[in-house]
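Text of start_26.txt, listed as compact mmCIF, C-alpha atoms:
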```txt
# COMPACT_ATOMS: atom_id res chain seq x y z
CA MET E 1 -79.12 -205.26 -106.10
CA SER E 2 -81.35 -208.28 -105.52
CA ILE E 3 -83.88 -205.87 -103.98
CA CYS E 4 -84.30 -204.25 -107.43
CA TYR E 5 -84.70 -207.66 -109.07
CA ALA E 6 -87.15 -208.67 -106.33
CA PHE E 7 -89.22 -205.55 -107.05
CA VAL E 8 -89.24 -206.03 -110.83
CA ILE E 9 -89.77 -209.80 -110.97
CA GLY E 10 -92.24 -209.88 -108.08
CA GLY E 11 -94.07 -206.94 -109.66
CA LEU E 12 -94.19 -208.60 -113.07
CA LEU E 13 -95.61 -211.80 -111.56
CA CYS E 14 -98.37 -209.75 -109.93
CA ALA E 15 -99.06 -207.71 -113.08
CA ALA E 16 -99.33 -210.94 -115.11
CA ALA E 17 -101.89 -212.24 -112.62
CA GLN E 18 -103.76 -208.94 -112.89
CA VAL E 19 -104.00 -209.36 -116.67
CA LEU E 20 -105.41 -212.85 -116.10
CA ILE E 21 -108.01 -211.48 -113.67
CA ASP E 22 -109.06 -208.62 -115.94
CA ARG E 23 -109.00 -210.40 -119.28
CA THR E 24 -110.05 -213.97 -118.51
CA ASN E 25 -112.66 -215.25 -116.08
CA LEU E 26 -110.11 -216.97 -113.86
CA THR E 27 -111.03 -216.38 -110.22
CA PRO E 28 -108.35 -215.36 -107.70
CA ALA E 29 -108.51 -218.84 -106.14
CA ARG E 30 -107.67 -220.43 -109.50
CA ILE E 31 -104.81 -218.01 -110.02
CA LEU E 32 -103.36 -218.99 -106.65
CA VAL E 33 -103.56 -222.65 -107.70
CA LEU E 34 -102.07 -221.89 -111.14
CA TYR E 35 -99.10 -220.04 -109.64
CA THR E 36 -98.48 -222.74 -107.06
CA VAL E 37 -98.43 -225.49 -109.69
CA LEU E 38 -96.24 -223.29 -111.90
CA GLY E 39 -93.84 -222.98 -108.97
CA VAL E 40 -93.65 -226.77 -108.58
CA PHE E 41 -93.06 -227.05 -112.33
CA LEU E 42 -90.27 -224.43 -112.27
CA GLY E 43 -88.69 -226.30 -109.37
CA ALA E 44 -88.95 -229.61 -111.20
CA VAL E 45 -87.27 -228.35 -114.37
CA GLY E 46 -84.56 -226.66 -112.31
CA LEU E 47 -85.46 -223.04 -113.04
CA TYR E 48 -86.68 -222.06 -109.58
CA ARG E 49 -83.28 -222.02 -107.90
CA PRO E 50 -81.55 -219.77 -110.48
CA LEU E 51 -84.51 -217.40 -110.38
CA PHE E 52 -84.34 -217.36 -106.58
CA ASP E 53 -80.59 -216.66 -106.66
CA LEU E 54 -81.30 -213.69 -108.91
CA ALA E 55 -84.39 -212.16 -107.35
CA GLY E 56 -84.66 -213.74 -103.88
CA CYS E 57 -88.01 -212.79 -102.39
CA GLY E 58 -89.16 -211.64 -105.84
CA VAL E 59 -89.90 -215.30 -106.59
CA SER E 60 -90.21 -216.76 -103.10
CA VAL E 61 -92.74 -214.29 -101.68
CA PRO E 62 -95.24 -214.67 -104.56
CA ILE E 63 -97.27 -217.84 -104.12
CA LEU E 64 -95.00 -219.32 -106.81
CA GLY E 65 -92.46 -219.71 -104.02
CA PHE E 66 -94.84 -222.04 -102.19
CA GLY E 67 -94.64 -224.41 -105.18
CA GLY E 68 -90.91 -223.89 -105.49
CA THR E 69 -90.42 -224.82 -101.83
CA VAL E 70 -92.53 -227.95 -102.35
CA ALA E 71 -90.47 -229.01 -105.39
CA THR E 72 -87.19 -228.39 -103.52
CA GLY E 73 -88.40 -230.38 -100.52
CA VAL E 74 -89.57 -233.28 -102.68
CA SER E 75 -86.31 -233.38 -104.60
CA GLU E 76 -84.26 -233.36 -101.37
CA ALA E 77 -86.40 -236.07 -99.78
CA VAL E 78 -86.51 -238.44 -102.77
CA ASN E 79 -83.01 -237.96 -104.17
CA GLY E 80 -81.46 -237.77 -100.73
CA ALA E 81 -83.18 -240.91 -99.43
CA GLU E 82 -80.87 -243.72 -98.32
CA ASN E 83 -82.80 -246.46 -100.09
CA GLY E 84 -85.67 -246.98 -102.49
CA PHE E 85 -88.21 -247.64 -99.78
CA SER E 86 -87.67 -244.40 -97.90
CA ALA E 87 -87.56 -242.56 -101.24
CA PHE E 88 -91.01 -244.01 -101.98
CA LEU E 89 -92.31 -242.91 -98.58
CA GLY E 90 -90.78 -239.50 -99.17
CA VAL E 91 -93.02 -239.06 -102.22
CA PHE E 92 -95.99 -238.90 -99.85
CA ILE E 93 -94.41 -237.10 -96.92
CA SER E 94 -92.30 -234.41 -98.51
CA PRO E 95 -94.85 -232.34 -100.51
CA LEU E 96 -96.79 -231.42 -97.38
CA SER E 97 -93.86 -231.28 -95.00
CA ALA E 98 -92.04 -228.86 -97.29
CA ALA E 99 -95.08 -226.59 -97.31
CA ALA E 100 -95.85 -227.11 -93.62
CA GLY E 101 -94.33 -223.83 -92.44
CA GLY E 102 -96.51 -221.60 -94.59
CA ILE E 103 -99.67 -223.64 -94.04
CA GLY E 104 -99.10 -223.94 -90.31
CA ALA E 105 -98.41 -220.23 -89.88
CA SER E 106 -101.46 -219.25 -91.95
CA LEU E 107 -103.80 -221.57 -90.06
CA ILE E 108 -102.53 -220.64 -86.61
CA PHE E 109 -102.59 -216.89 -87.26
CA ALA E 110 -105.97 -217.11 -89.01
CA PHE E 111 -107.45 -218.94 -86.04
CA VAL E 112 -106.06 -216.49 -83.50
CA ILE E 113 -107.19 -213.51 -85.59
CA SER E 114 -110.68 -215.00 -85.93
CA LEU E 115 -110.89 -215.18 -82.15
CA LEU E 116 -109.77 -211.57 -81.74
CA PHE E 117 -111.75 -209.82 -84.47
CA ARG E 118 -115.25 -209.75 -85.89
CA SER E 119 -116.19 -210.01 -89.53
CA LYS E 120 -116.53 -206.63 -91.24
CA PRO E 121 -119.64 -205.98 -93.34
CA LYS E 122 -118.79 -206.57 -97.01
CA ARG E 123 -118.99 -203.68 -99.43
CA MET E 124 -120.85 -204.43 -102.64
CA THR E 125 -118.03 -203.12 -104.81
CA SER E 126 -115.43 -205.51 -103.41
CA ARG E 127 -113.57 -207.08 -106.27
CA ARG E 128 -112.44 -210.13 -104.43
CA ASN E 129 -115.75 -211.82 -103.76
CA SER E 130 -115.00 -214.83 -105.89
CA MET J 1 -134.23 -219.91 -118.62
CA PHE J 2 -130.83 -218.37 -119.21
CA SER J 3 -128.51 -220.27 -121.43
CA LYS J 4 -124.86 -220.25 -120.43
CA GLU J 5 -123.94 -218.14 -123.47
CA LYS J 6 -126.67 -215.61 -122.82
CA TYR J 7 -125.55 -215.28 -119.21
CA LYS J 8 -121.95 -214.81 -120.26
CA LYS J 9 -122.98 -212.11 -122.70
CA LEU J 10 -125.06 -210.36 -120.08
CA VAL J 11 -122.19 -210.46 -117.61
CA THR J 12 -119.69 -209.03 -120.08
CA GLU J 13 -122.10 -206.29 -121.02
CA THR J 14 -123.05 -205.21 -117.53
CA ALA J 15 -119.81 -205.88 -115.67
CA GLU J 16 -117.79 -202.81 -114.85
CA LYS J 17 -114.83 -202.60 -117.21
CA SER J 18 -111.68 -202.36 -115.18
CA PRO J 19 -108.92 -200.26 -116.69
CA LEU J 20 -106.21 -202.81 -117.45
CA PHE J 21 -103.25 -200.47 -117.47
CA ARG J 22 -104.11 -198.81 -114.18
CA ASP J 23 -104.82 -202.18 -112.53
CA CYS J 24 -101.52 -203.59 -113.76
CA PHE J 25 -99.62 -200.52 -112.59
CA PHE J 26 -100.94 -200.86 -109.04
CA ALA J 27 -100.50 -204.65 -109.07
CA PHE J 28 -96.91 -204.19 -110.22
CA THR J 29 -95.94 -201.51 -107.72
CA VAL J 30 -97.70 -202.96 -104.67
CA GLY J 31 -96.74 -206.57 -105.46
CA GLY J 32 -93.19 -205.58 -106.32
CA GLY J 33 -93.05 -203.44 -103.19
CA ILE J 34 -94.08 -206.35 -100.96
CA CYS J 35 -91.43 -208.57 -102.59
CA ALA J 36 -88.74 -205.88 -102.34
CA ALA J 37 -89.56 -205.26 -98.67
CA GLY J 38 -89.37 -209.00 -98.04
CA GLU J 39 -86.04 -209.19 -99.85
CA GLY J 40 -84.69 -206.27 -97.82
CA PHE J 41 -85.71 -208.02 -94.61
CA ARG J 42 -84.19 -211.30 -95.84
CA LEU J 43 -80.87 -209.62 -96.71
CA TRP J 44 -80.79 -208.04 -93.25
CA LEU J 45 -81.49 -211.43 -91.64
CA LEU J 46 -78.70 -213.01 -93.70
CA SER J 47 -76.33 -210.19 -92.73
CA VAL J 48 -76.85 -210.86 -89.03
CA GLY J 49 -76.00 -214.52 -89.61
CA THR J 50 -79.35 -216.25 -90.05
CA GLU J 51 -79.04 -219.36 -92.19
CA GLU J 52 -80.65 -219.17 -95.63
CA LYS J 53 -83.62 -221.47 -95.05
CA SER J 54 -84.58 -219.86 -91.75
CA ALA J 55 -84.24 -216.37 -93.23
CA GLY J 56 -86.63 -217.25 -96.05
CA PHE J 57 -89.13 -218.70 -93.63
CA CYS J 58 -88.87 -215.72 -91.28
CA VAL J 59 -89.87 -213.45 -94.18
CA THR J 60 -92.86 -215.68 -95.00
CA LEU J 61 -93.84 -215.85 -91.34
CA SER J 62 -93.72 -212.07 -90.83
CA LEU J 63 -95.65 -211.37 -94.02
CA ILE J 64 -98.35 -213.90 -93.07
CA LEU J 65 -98.65 -212.44 -89.56
CA LEU J 66 -98.81 -208.90 -90.93
CA SER J 67 -101.47 -209.70 -93.52
CA ALA J 68 -103.54 -211.73 -91.04
CA LEU J 69 -103.52 -208.73 -88.69
CA LEU J 70 -104.35 -206.26 -91.46
CA THR J 71 -107.16 -208.55 -92.63
CA GLY J 72 -108.49 -208.77 -89.08
CA ILE J 73 -108.71 -205.01 -88.68
CA GLY J 74 -110.18 -204.70 -92.19
CA VAL J 75 -107.35 -202.72 -93.78
CA TYR J 76 -106.08 -205.42 -96.13
CA ASP J 77 -109.23 -205.53 -98.22
CA ARG J 78 -109.06 -201.79 -98.74
CA ILE J 79 -105.52 -202.08 -100.07
CA ALA J 80 -106.51 -205.13 -102.12
CA LYS J 81 -109.30 -203.21 -103.82
CA VAL J 82 -106.73 -200.94 -105.41
CA ALA J 83 -103.79 -203.31 -105.73
CA GLY J 84 -105.72 -206.34 -107.02
CA ALA J 85 -103.28 -209.10 -107.88
CA GLY J 86 -100.51 -207.12 -106.20
CA THR J 87 -101.87 -208.26 -102.84
CA LEU J 88 -103.21 -211.61 -104.07
CA VAL J 89 -100.09 -213.21 -105.53
CA PRO J 90 -97.62 -212.58 -102.68
CA VAL J 91 -97.90 -215.01 -99.76
CA THR J 92 -99.84 -212.29 -97.94
CA GLY J 93 -102.73 -213.10 -100.29
CA PHE J 94 -102.67 -216.69 -99.11
CA ALA J 95 -103.07 -215.61 -95.49
CA ASN J 96 -105.68 -213.08 -96.57
CA ALA J 97 -107.60 -215.97 -98.14
CA VAL J 98 -107.50 -218.00 -94.93
CA VAL J 99 -108.59 -215.33 -92.45
CA PRO J 100 -111.94 -214.08 -93.91
CA PRO J 101 -113.66 -217.50 -94.00
CA ALA J 102 -112.49 -218.00 -90.44
CA LEU J 103 -113.94 -214.64 -89.40
CA ASP J 104 -117.19 -215.02 -91.34
CA THR J 105 -118.09 -218.40 -89.93
CA LYS J 106 -117.21 -217.61 -86.34
CA SER J 107 -120.90 -217.21 -85.51
CA GLU J 108 -121.60 -220.76 -86.68
CA GLY J 109 -119.51 -222.09 -83.86
CA LEU J 110 -115.87 -222.99 -83.67
CA LEU J 111 -115.98 -226.61 -84.78
CA VAL J 112 -118.41 -226.66 -87.69
CA GLY J 113 -117.87 -222.99 -88.59
CA THR J 114 -114.32 -221.77 -88.30
CA GLU J 115 -112.49 -225.06 -88.46
CA THR J 116 -114.25 -226.28 -91.58
CA LYS J 117 -114.36 -223.08 -93.57
CA ILE J 118 -110.81 -222.06 -92.80
CA PHE J 119 -109.74 -224.36 -95.65
CA SER J 120 -112.29 -223.19 -98.20
CA VAL J 121 -109.88 -221.04 -100.22
CA CYS J 122 -106.47 -222.33 -99.21
CA GLY J 123 -107.63 -225.96 -99.53
CA PRO J 124 -107.30 -226.07 -103.32
CA VAL J 125 -103.84 -224.47 -103.11
CA ILE J 126 -102.69 -227.06 -100.57
CA LEU J 127 -104.26 -229.91 -102.55
CA TYR J 128 -102.78 -228.96 -105.90
CA SER J 129 -99.33 -228.18 -104.54
CA THR J 130 -99.40 -231.59 -102.84
CA LEU J 131 -100.57 -233.30 -106.04
CA ALA J 132 -97.98 -231.56 -108.18
CA GLY J 133 -95.28 -232.24 -105.59
CA GLY J 134 -96.33 -235.89 -105.33
CA LEU J 135 -96.27 -236.30 -109.11
CA TYR J 136 -92.81 -234.75 -109.25
CA GLY J 137 -91.74 -237.06 -106.42
CA LEU J 138 -93.04 -240.12 -108.30
CA ILE J 139 -91.09 -239.12 -111.39
CA LEU J 140 -87.93 -238.60 -109.32
CA PHE J 141 -88.55 -241.94 -107.61
CA ALA J 142 -88.95 -243.74 -110.95
CA VAL J 143 -85.75 -242.18 -112.26
CA LYS J 144 -83.90 -243.08 -109.07
CA MET J 145 -85.09 -246.70 -109.33
CA LEU J 146 -83.85 -246.87 -112.91
CA GLY J 147 -80.47 -245.79 -111.64
CA GLY J 148 -80.35 -242.21 -112.80
CA THR J 149 -80.60 -238.83 -111.13
CA LEU J 150 -82.45 -235.67 -112.08
```
The structure given in the file should be rewritten as structure tokens.
Amino acid sequence: MSICYAFVIGGLLCAAAQVLIDRTNLTPARILVLYTVLGVFLGAVGLYRPLFDLAGCGVSVPILGFGGTVATGVSEAVNGAENGFSAFLGVFISPLSAAAGGIGASLIFAFVISLLFRSKPKRMTSRRNS
Amino acid sequence: MFSKEKYKKLVTETAEKSPLFRDCFFAFTVGGGICAAGEGFRLWLLSVGTEEKSAGFCVTLSLILLSALLTGIGVYDRIAKVAGAGTLVPVTGFANAVVPPALDTKSEGLLVGTETKIFSVCGPVILYSTLAGGLYGLILFAVKMLGGTL
């Protein structure tokens, strides 16, 4: 069942981004940033978890999930800290450490891929040149 | 000299109009398909006893690896041309944003080329998620200090 919800909610998130690309002059990079910050916001107001329970990867696979993971990690680190001092340190450590998996994987794979392959000539009609 | 307004007008007049409905349809089906496939994989991982956090990360990891490979062999961009935001918004789009700058700048040498440019698109995402997360953390911290919980 959650596969259906994942398809619909994930699809809607992508379609909404497509409307933004076609109808405003937001570049793909800005949309990625917008969705990430939206994910942190959803996590902060407590909506990310219920959405995740409903649609699973439908919200965690879109870049929204990156923000949601950050918010969850921050909340765990700060609220779960034993004392005020480590909670304060957690403010600085947890945003990046929560996102470390995705960033680490992307960087490592990107580096390996860049060693293995050559850049392809760009076609003029490419829509993702921004 | 072109004024900003004149340039904007020129761009809107000459730019190819993309059919919104068709674009959204492909974005919806491809993006939804990636999410549904990820969810299917996650459910299978959970069913064989993987814990929830690891299962979620395994999905992310496989999708990133897959899209990095497809970007390397030049297939991802061909899909992205049709699917638009459908391949941008899922985490595959994040990996797809990291690989091309790494490939393009390979010729400039590893240290000043690849290692600098690898962050050119994903940098803002990392920065803003860290800023937003840090802000949220500060709010939580302030609430905690005042004796409450959120």
* To do: Please determine the contact residues of chain J with respect to chain E at a cut-off of 6 Å, counting all atoms listed in the file, and supply them as a ChimeraX atom specification.
  => /J:24,27-28,31-33,35-36,38-39,72,85-86,89-91,95,99,102-104,125,129-130,133-134,137
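A straight line drawn from atom CA of J:Gly93 to atom CA of E:Asn25 is 18.8 Å long.
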Give me the box for stretch 128-134 of chain J as AutoDock Vina command-line options, namely the centre and edge lengths in Å to one decimal of a box along x, y and z that holds every listed atom plus 6 Å on each side.
```
--center_x -99.0 --center_y -232.0 --center_z -105.5 --size_x 19.5 --size_y 19.7 --size_z 17.3
```
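Coordinates place atom CA of J:Leu45 at a distance of 17.3 Å from atom CA of J:Leu65.
Atom pair atom CA of J:Pro101 / atom CA of J:Ala80: separated by 16.4 Å.
Around the point (-106.9, -220.4, -101.5), within 7 Å and counting all atoms listed in the file, we find these residues: Ala29 and Leu32 of chain E; Phe94, Ala97, Ser120, Val121, Cys122, Gly123, Pro124 and Val125 of chain J.
Of the residues listed (E:Leu26, E:Ser86, E:Asp53, E:Gly80), E:Asp53 shows the shortest atom-to-atom separation from E:Met1; distances use all atoms listed in the file.
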Some atoms are absent from stretch 60-96 of chain E, so rebuild N, CA and C atoms and return them as a short mmCIF file (atom, residue, chain, number, x, y, z; two decimals), in the frame of the given file.
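Produced file out-v5.cif, reproduced below:
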```
data_model
loop_
_atom_site.label_atom_id
_atom_site.label_comp_id
_atom_site.auth_asym_id
_atom_site.auth_seq_id
_atom_site.Cartn_x
_atom_site.Cartn_y
_atom_site.Cartn_z
N SER E 60 -89.79 -215.90 -104.22
CA SER E 60 -90.21 -216.76 -103.10
C SER E 60 -91.40 -216.19 -102.34
N VAL E 61 -91.57 -214.86 -102.37
CA VAL E 61 -92.74 -214.29 -101.68
C VAL E 61 -94.03 -214.49 -102.48
N PRO E 62 -94.03 -214.29 -103.82
CA PRO E 62 -95.24 -214.67 -104.56
C PRO E 62 -95.56 -216.16 -104.33
N ILE E 63 -96.81 -216.50 -104.48
CA ILE E 63 -97.27 -217.84 -104.12
C ILE E 63 -96.55 -218.92 -104.94
N LEU E 64 -95.92 -218.49 -106.04
CA LEU E 64 -95.00 -219.32 -106.81
C LEU E 64 -93.96 -219.99 -105.91
N GLY E 65 -93.50 -219.22 -104.91
CA GLY E 65 -92.46 -219.71 -104.02
C GLY E 65 -92.93 -220.89 -103.19
N PHE E 66 -94.23 -220.92 -102.90
CA PHE E 66 -94.84 -222.04 -102.19
C PHE E 66 -94.60 -223.32 -102.98
N GLY E 67 -94.88 -223.26 -104.30
CA GLY E 67 -94.64 -224.41 -105.18
C GLY E 67 -93.16 -224.73 -105.29
N GLY E 68 -92.35 -223.68 -105.38
CA GLY E 68 -90.91 -223.89 -105.49
C GLY E 68 -90.36 -224.59 -104.26
N THR E 69 -90.85 -224.19 -103.08
CA THR E 69 -90.42 -224.82 -101.83
C THR E 69 -90.83 -226.29 -101.82
N VAL E 70 -92.05 -226.56 -102.30
CA VAL E 70 -92.53 -227.95 -102.35
C VAL E 70 -91.61 -228.78 -103.24
N ALA E 71 -91.32 -228.26 -104.45
CA ALA E 71 -90.47 -229.01 -105.39
C ALA E 71 -89.08 -229.26 -104.79
N THR E 72 -88.51 -228.22 -104.13
CA THR E 72 -87.19 -228.39 -103.52
C THR E 72 -87.23 -229.47 -102.44
N GLY E 73 -88.27 -229.41 -101.60
CA GLY E 73 -88.40 -230.38 -100.52
C GLY E 73 -88.55 -231.80 -101.04
N VAL E 74 -89.35 -231.96 -102.09
CA VAL E 74 -89.57 -233.28 -102.68
C VAL E 74 -88.27 -233.82 -103.24
N SER E 75 -87.56 -232.96 -103.98
CA SER E 75 -86.31 -233.38 -104.60
C SER E 75 -85.30 -233.81 -103.53
N GLU E 76 -85.19 -233.01 -102.44
CA GLU E 76 -84.26 -233.36 -101.37
C GLU E 76 -84.64 -234.69 -100.73
N ALA E 77 -85.96 -234.88 -100.49
CA ALA E 77 -86.40 -236.07 -99.78
C ALA E 77 -86.22 -237.33 -100.63
N VAL E 78 -86.56 -237.24 -101.93
CA VAL E 78 -86.51 -238.44 -102.77
C VAL E 78 -85.08 -238.74 -103.21
N ASN E 79 -84.38 -237.72 -103.71
CA ASN E 79 -83.01 -237.96 -104.17
C ASN E 79 -82.05 -238.22 -103.02
N GLY E 80 -82.36 -237.61 -101.85
CA GLY E 80 -81.46 -237.77 -100.73
C GLY E 80 -81.75 -239.00 -99.89
N ALA E 81 -82.81 -239.76 -100.25
CA ALA E 81 -83.18 -240.91 -99.43
C ALA E 81 -82.11 -242.00 -99.52
N GLU E 82 -81.94 -242.72 -98.37
CA GLU E 82 -80.87 -243.72 -98.32
C GLU E 82 -81.18 -244.92 -99.20
N ASN E 83 -82.46 -245.31 -99.26
CA ASN E 83 -82.80 -246.46 -100.09
C ASN E 83 -84.12 -246.22 -100.81
N GLY E 84 -84.47 -247.14 -101.69
CA GLY E 84 -85.67 -246.98 -102.49
C GLY E 84 -86.94 -246.88 -101.67
N PHE E 85 -86.98 -247.63 -100.57
CA PHE E 85 -88.21 -247.64 -99.78
C PHE E 85 -88.48 -246.28 -99.15
N SER E 86 -87.44 -245.70 -98.54
CA SER E 86 -87.67 -244.40 -97.90
C SER E 86 -87.86 -243.31 -98.95
N ALA E 87 -87.30 -243.51 -100.15
CA ALA E 87 -87.56 -242.56 -101.24
C ALA E 87 -89.04 -242.61 -101.61
N PHE E 88 -89.59 -243.84 -101.65
CA PHE E 88 -91.01 -244.01 -101.98
C PHE E 88 -91.89 -243.35 -100.92
N LEU E 89 -91.53 -243.55 -99.65
CA LEU E 89 -92.31 -242.91 -98.58
C LEU E 89 -92.18 -241.40 -98.66
N GLY E 90 -91.01 -240.94 -99.06
CA GLY E 90 -90.78 -239.50 -99.17
C GLY E 90 -91.69 -238.83 -100.17
N VAL E 91 -92.09 -239.60 -101.22
CA VAL E 91 -93.02 -239.06 -102.22
C VAL E 91 -94.29 -238.56 -101.55
N PHE E 92 -94.73 -239.27 -100.51
CA PHE E 92 -95.99 -238.90 -99.85
C PHE E 92 -95.79 -237.89 -98.72
N ILE E 93 -94.63 -237.97 -98.08
CA ILE E 93 -94.41 -237.10 -96.92
C ILE E 93 -93.94 -235.72 -97.33
N SER E 94 -93.01 -235.67 -98.28
CA SER E 94 -92.30 -234.41 -98.51
C SER E 94 -93.14 -233.26 -99.10
N PRO E 95 -94.14 -233.51 -99.99
CA PRO E 95 -94.85 -232.34 -100.51
C PRO E 95 -95.49 -231.51 -99.41
N LEU E 96 -96.14 -232.17 -98.46
CA LEU E 96 -96.79 -231.42 -97.38
C LEU E 96 -95.79 -230.92 -96.36
#
```
